[in-house]
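*Asks:* Can you read through this structure? Questions will come right after.
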Amino acid sequence: MRMARAGLTADRVTLAGAELADEVGLDHVTMSAVARRLGVKDASLYAHVRNLEDLRGRIALLAADEKTIRIAEDTAGRAGKDALVAFANAYRAYAHDHPGRYTATQIPIQIDPELAARAPGPRRAVELTYGMLRAYALDEPDLTDAVRLVRSTLHGFVSLEAAGGFAHARPAEDSWARCLDALHTLLERWPARHEGDPT
């Protein structure tokens with residue numbers, strides 16, 4: 001077991017990696033780059049994180065926690081469309097402010113099961129999403145389908161926006177507002193299930 005450098009912690013290493021990911025992209029985060037950012041030798045990091053995949057997993061958990069806190073604060077006391085819009089705006093703002101961290105929450109990463117079990121962010125994110133949508137009075141399995149629809153819509157929009165996919169003259173902000181209007185309308189008028197539909 002390597003001896004930990006004084007002042008260096010797993011949290012500090014994770015934050016440095018997260019900041020670097022936002023600046024240069026998650027794919028460009030390396031152990032060497034993080035070590036340079038912290039002013040230490042590469043070997044010093046391995047007393048706190050096992051390897052690059054472990055660091056990426058920690059960045060993902062940090063991001064999930066940060067994003068969930070922002071969404072919880074912005075949706076507190078709101079319901080229905082107000083909650084949906086606040087939820088979506090907080091989600092989009094986090095993706096804009098922290099593109100590298102956001103990416104870490106959306107790609108397959110091997111995360112230490114013990115770390116994942118202690119991390120509140122992912123569980124809280126699920127609770128917030130289901131809680132926000134319960135105002136639309138959907139029962140299962142429609143509620144889970146609606147959660148997937150919301151996530152797909154928000155992630156799809158912010159990912160295309162980040163990639164420069166909205167080159168049309170119409171402002172993306174206007175399209176975003178209309179997408180949320182449409183999403184609210186669909187959630188309010190969720191299609192009825194019919195006999196023979198998959199359950």
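The chains in the structure tokens are called A, B, ... from first to last as shown; in each chain the residues are counted from 1, and the ligands are counted from 1 in the order shown.
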If we count only C-alpha atoms, what is near stretch 157-169 of chain A at a cut-off of 7 Å, once residues fewer than 4 positions away on the same chain are taken out, given as a compact mmCIF listing (two decimals) with C-alpha atoms, in the first residue's frame?
*Replies:*
# COMPACT_ATOMS: atom_id res chain seq x y z
CA ARG A 92 -29.58 21.66 -18.63
CA ALA A 95 -24.74 20.06 -18.29
CA THR A 153 -35.63 14.27 -24.05
*Asks:* Return as a tab-separated table the residues of stretch 30-86 of chain A lying at most 12 Å from stretch 185-193 of chain A, together with the closest atom-to-atom pair for each and the distance in Å to one decimal, counting only C-alpha atoms, with rows in chain order and ascending residue number.
*Replies:*
residue	atom	partner	partner_atom	distance
A:Gly80	CA	A:Glu188	CA	9.1
A:Lys81	CA	A:Thr185	CA	9.1
A:Leu84	CA	A:Leu187	CA	10.1
*Asks:* Take the selection from the previous step and output its residues with all heavy atoms, as a PDB file, in the first residue's frame.
*Replies:*
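Everything below was put into again28.pdb:
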ATOM      1  N   GLY A  80     -46.230  19.902 -10.815  1.00  0.00           N
ATOM      2  CA  GLY A  80     -46.763  19.993 -12.167  1.00  0.00           C
ATOM      3  C   GLY A  80     -45.782  20.592 -13.146  1.00  0.00           C
ATOM      4  O   GLY A  80     -44.583  20.315 -13.097  1.00  0.00           O
ATOM      5  N   LYS A  81     -46.275  21.457 -14.015  1.00  0.00           N
ATOM      6  CA  LYS A  81     -45.416  22.037 -15.047  1.00  0.00           C
ATOM      7  C   LYS A  81     -44.297  22.873 -14.443  1.00  0.00           C
ATOM      8  O   LYS A  81     -43.163  22.866 -14.946  1.00  0.00           O
ATOM      9  CB  LYS A  81     -46.237  22.881 -16.022  1.00  0.00           C
ATOM     10  CG  LYS A  81     -45.387  23.402 -17.182  1.00  0.00           C
ATOM     11  CD  LYS A  81     -46.184  24.220 -18.177  1.00  0.00           C
ATOM     12  CE  LYS A  81     -45.293  24.690 -19.327  1.00  0.00           C
ATOM     13  NZ  LYS A  81     -46.033  25.529 -20.301  1.00  0.00           N
ATOM     14  N   LEU A  84     -41.609  20.506 -13.527  1.00  0.00           N
ATOM     15  CA  LEU A  84     -40.989  19.951 -14.726  1.00  0.00           C
ATOM     16  C   LEU A  84     -40.011  20.950 -15.343  1.00  0.00           C
ATOM     17  O   LEU A  84     -38.878  20.604 -15.685  1.00  0.00           O
ATOM     18  CB  LEU A  84     -42.065  19.571 -15.746  1.00  0.00           C
ATOM     19  CG  LEU A  84     -41.563  19.124 -17.125  1.00  0.00           C
ATOM     20  CD1 LEU A  84     -40.777  17.817 -17.008  1.00  0.00           C
ATOM     21  CD2 LEU A  84     -42.738  18.960 -18.086  1.00  0.00           C
TER      22      LEU A  84
END
*Asks:* Under the rule of at most 12 Å, produce a per-residue listing of stretch 51-166 of chain A near stretch 31-41 of chain A: chain, number, name, the closest pair of atoms, and the distance in Å, as a Markdown table, using only C-alpha atoms.
*Replies:*
| residue | atom | partner | partner_atom | distance |
| --- | --- | --- | --- | --- |
| A:Asn51 | CA | A:Met31 | CA | 7.7 |
| A:Leu52 | CA | A:Met31 | CA | 6.2 |
| A:Glu53 | CA | A:Met31 | CA | 9.9 |
| A:Asp54 | CA | A:Met31 | CA | 10.7 |
| A:Leu55 | CA | A:Met31 | CA | 8.5 |
| A:Arg56 | CA | A:Met31 | CA | 10.3 |
*Asks:* Show me a table, sorted first by chain and then by increasing residue number, of the residues of stretch 19-96 of chain A having an atom at most 12 Å from stretch 105-111 of chain A, each with its shortest atom pair and the distance in Å to one decimal, counting only C-alpha atoms and written as JSON lines.
*Replies:*
{"residue": "A:Leu26", "atom": "CA", "partner": "A:Ile107", "partner_atom": "CA", "distance": 10.5}
{"residue": "A:Asp27", "atom": "CA", "partner": "A:Ile107", "partner_atom": "CA", "distance": 11.2}
{"residue": "A:Val49", "atom": "CA", "partner": "A:Ile111", "partner_atom": "CA", "distance": 11.7}
{"residue": "A:Arg50", "atom": "CA", "partner": "A:Ile111", "partner_atom": "CA", "distance": 11.3}
{"residue": "A:Asn51", "atom": "CA", "partner": "A:Gln110", "partner_atom": "CA", "distance": 11.2}
{"residue": "A:Leu52", "atom": "CA", "partner": "A:Gln110", "partner_atom": "CA", "distance": 10.5}
{"residue": "A:Glu53", "atom": "CA", "partner": "A:Gln110", "partner_atom": "CA", "distance": 6.7}
{"residue": "A:Asp54", "atom": "CA", "partner": "A:Ile111", "partner_atom": "CA", "distance": 6.5}
{"residue": "A:Leu55", "atom": "CA", "partner": "A:Ile111", "partner_atom": "CA", "distance": 9.0}
{"residue": "A:Arg56", "atom": "CA", "partner": "A:Ile109", "partner_atom": "CA", "distance": 7.1}
{"residue": "A:Gly57", "atom": "CA", "partner": "A:Ile111", "partner_atom": "CA", "distance": 4.8}
{"residue": "A:Arg58", "atom": "CA", "partner": "A:Ile111", "partner_atom": "CA", "distance": 7.4}
{"residue": "A:Ile59", "atom": "CA", "partner": "A:Thr105", "partner_atom": "CA", "distance": 8.3}
{"residue": "A:Ala60", "atom": "CA", "partner": "A:Thr105", "partner_atom": "CA", "distance": 4.9}
{"residue": "A:Leu61", "atom": "CA", "partner": "A:Thr105", "partner_atom": "CA", "distance": 7.5}
{"residue": "A:Leu62", "atom": "CA", "partner": "A:Thr105", "partner_atom": "CA", "distance": 9.2}
{"residue": "A:Ala63", "atom": "CA", "partner": "A:Thr105", "partner_atom": "CA", "distance": 6.7}
{"residue": "A:Ala64", "atom": "CA", "partner": "A:Thr105", "partner_atom": "CA", "distance": 6.4}
{"residue": "A:Asp65", "atom": "CA", "partner": "A:Thr105", "partner_atom": "CA", "distance": 10.1}
{"residue": "A:Glu66", "atom": "CA", "partner": "A:Thr105", "partner_atom": "CA", "distance": 11.0}
{"residue": "A:Lys67", "atom": "CA", "partner": "A:Thr105", "partner_atom": "CA", "distance": 9.7}
{"residue": "A:Thr68", "atom": "CA", "partner": "A:Thr105", "partner_atom": "CA", "distance": 11.4}
{"residue": "A:Tyr91", "atom": "CA", "partner": "A:Thr105", "partner_atom": "CA", "distance": 11.9}
{"residue": "A:Tyr94", "atom": "CA", "partner": "A:Thr105", "partner_atom": "CA", "distance": 11.5}
{"residue": "A:Ala95", "atom": "CA", "partner": "A:Thr105", "partner_atom": "CA", "distance": 10.1}
*Asks:* So that I can see what lies close to A:Ala18, please list as a short mmCIF file (atom, residue, chain, number, x, y, z; two decimals) with all heavy atoms, in the first residue's frame the residues with an atom at most 8 Å from it, counting only C-alpha atoms and leaving out residues fewer than 2 positions away in the same chain.
*Replies:*
data_model
loop_
_atom_site.label_atom_id
_atom_site.label_comp_id
_atom_site.auth_asym_id
_atom_site.auth_seq_id
_atom_site.Cartn_x
_atom_site.Cartn_y
_atom_site.Cartn_z
N THR A 14 -10.36 13.65 -6.93
CA THR A 14 -11.60 13.58 -7.71
C THR A 14 -12.00 14.95 -8.22
O THR A 14 -12.37 15.11 -9.40
CB THR A 14 -12.74 12.98 -6.86
OG1 THR A 14 -12.36 11.67 -6.42
CG2 THR A 14 -14.02 12.89 -7.67
N LEU A 15 -11.94 15.95 -7.36
CA LEU A 15 -12.31 17.31 -7.77
C LEU A 15 -11.37 17.82 -8.85
O LEU A 15 -11.82 18.46 -9.83
CB LEU A 15 -12.31 18.25 -6.57
CG LEU A 15 -12.73 19.69 -6.86
CD1 LEU A 15 -14.15 19.73 -7.45
CD2 LEU A 15 -12.67 20.53 -5.59
N ALA A 16 -10.08 17.56 -8.71
CA ALA A 16 -9.13 17.98 -9.74
C ALA A 16 -9.45 17.30 -11.07
O ALA A 16 -9.40 17.94 -12.13
CB ALA A 16 -7.70 17.66 -9.30
N LEU A 20 -10.72 19.21 -14.50
CA LEU A 20 -10.01 18.97 -15.76
C LEU A 20 -10.96 18.45 -16.83
O LEU A 20 -10.89 18.86 -18.00
CB LEU A 20 -8.87 17.97 -15.51
CG LEU A 20 -7.90 17.74 -16.66
CD1 LEU A 20 -7.17 19.04 -17.02
CD2 LEU A 20 -6.89 16.66 -16.28
N ALA A 21 -11.87 17.55 -16.44
CA ALA A 21 -12.84 17.01 -17.39
C ALA A 21 -13.70 18.12 -17.98
O ALA A 21 -14.00 18.11 -19.19
CB ALA A 21 -13.72 15.97 -16.70
N ASP A 22 -14.11 19.08 -17.15
CA ASP A 22 -14.91 20.20 -17.65
C ASP A 22 -14.12 21.07 -18.62
O ASP A 22 -14.69 21.64 -19.56
CB ASP A 22 -15.41 21.06 -16.49
CG ASP A 22 -16.49 20.37 -15.67
OD1 ASP A 22 -17.13 19.45 -16.19
OD2 ASP A 22 -16.68 20.78 -14.50
N ILE A 59 -15.63 10.65 -10.33
CA ILE A 59 -16.12 11.88 -10.97
C ILE A 59 -17.61 11.74 -11.28
O ILE A 59 -18.39 12.68 -11.07
CB ILE A 59 -15.32 12.17 -12.26
CG1 ILE A 59 -13.88 12.54 -11.91
CG2 ILE A 59 -15.98 13.29 -13.06
CD1 ILE A 59 -12.95 12.64 -13.11
N GLY A 100 -17.84 18.07 -18.74
CA GLY A 100 -17.08 16.84 -18.51
C GLY A 100 -17.69 15.98 -17.44
O GLY A 100 -17.79 14.76 -17.57
N ARG A 101 -18.11 16.61 -16.36
CA ARG A 101 -18.76 15.87 -15.28
C ARG A 101 -20.08 15.27 -15.76
O ARG A 101 -20.42 14.13 -15.42
CB ARG A 101 -19.01 16.78 -14.08
CG ARG A 101 -17.76 17.37 -13.49
CD ARG A 101 -18.05 18.26 -12.29
NE ARG A 101 -17.10 19.36 -12.23
CZ ARG A 101 -16.80 20.04 -11.14
NH1 ARG A 101 -17.40 19.76 -10.00
NH2 ARG A 101 -15.92 21.02 -11.18
#
*Asks:* Under the rule that only C-alpha atoms are counted, which of A:Ala47, A:Ile71, A:Ala90, A:Ala117 is the nearest residue to A:Val13?
*Replies:* A:Ala47
*Asks:* Compile the contact shell of stretch 146-149 of chain A as a VMD selection string: residues with an atom at most 9 Å away, counting only C-alpha atoms, same-chain residues fewer than 5 positions apart removed.
*Replies:* chain A and resid 126 129 to 130 133 138 141 154 183 187 190
*Asks:* Any chance you can output those residues with C-alpha atoms as a PDB file, in the first residue's frame?
*Replies:*
ATOM      1  CA  VAL A 126     -34.279   8.605  -9.256  1.00  0.00           C
ATOM      2  CA  THR A 129     -37.549  12.278 -11.051  1.00  0.00           C
ATOM      3  CA  TYR A 130     -40.290   9.890  -9.961  1.00  0.00           C
ATOM      4  CA  LEU A 133     -43.717  13.031 -12.303  1.00  0.00           C
ATOM      5  CA  LEU A 138     -49.330   8.069 -13.794  1.00  0.00           C
ATOM      6  CA  PRO A 141     -45.559   0.897 -15.874  1.00  0.00           C
ATOM      7  CA  LEU A 154     -33.381  16.246 -21.718  1.00  0.00           C
ATOM      8  CA  LEU A 183     -43.432  17.347 -22.823  1.00  0.00           C
ATOM      9  CA  LEU A 187     -47.465  13.929 -19.673  1.00  0.00           C
ATOM     10  CA  TRP A 190     -50.567  10.262 -21.489  1.00  0.00           C
TER      11      TRP A 190
END
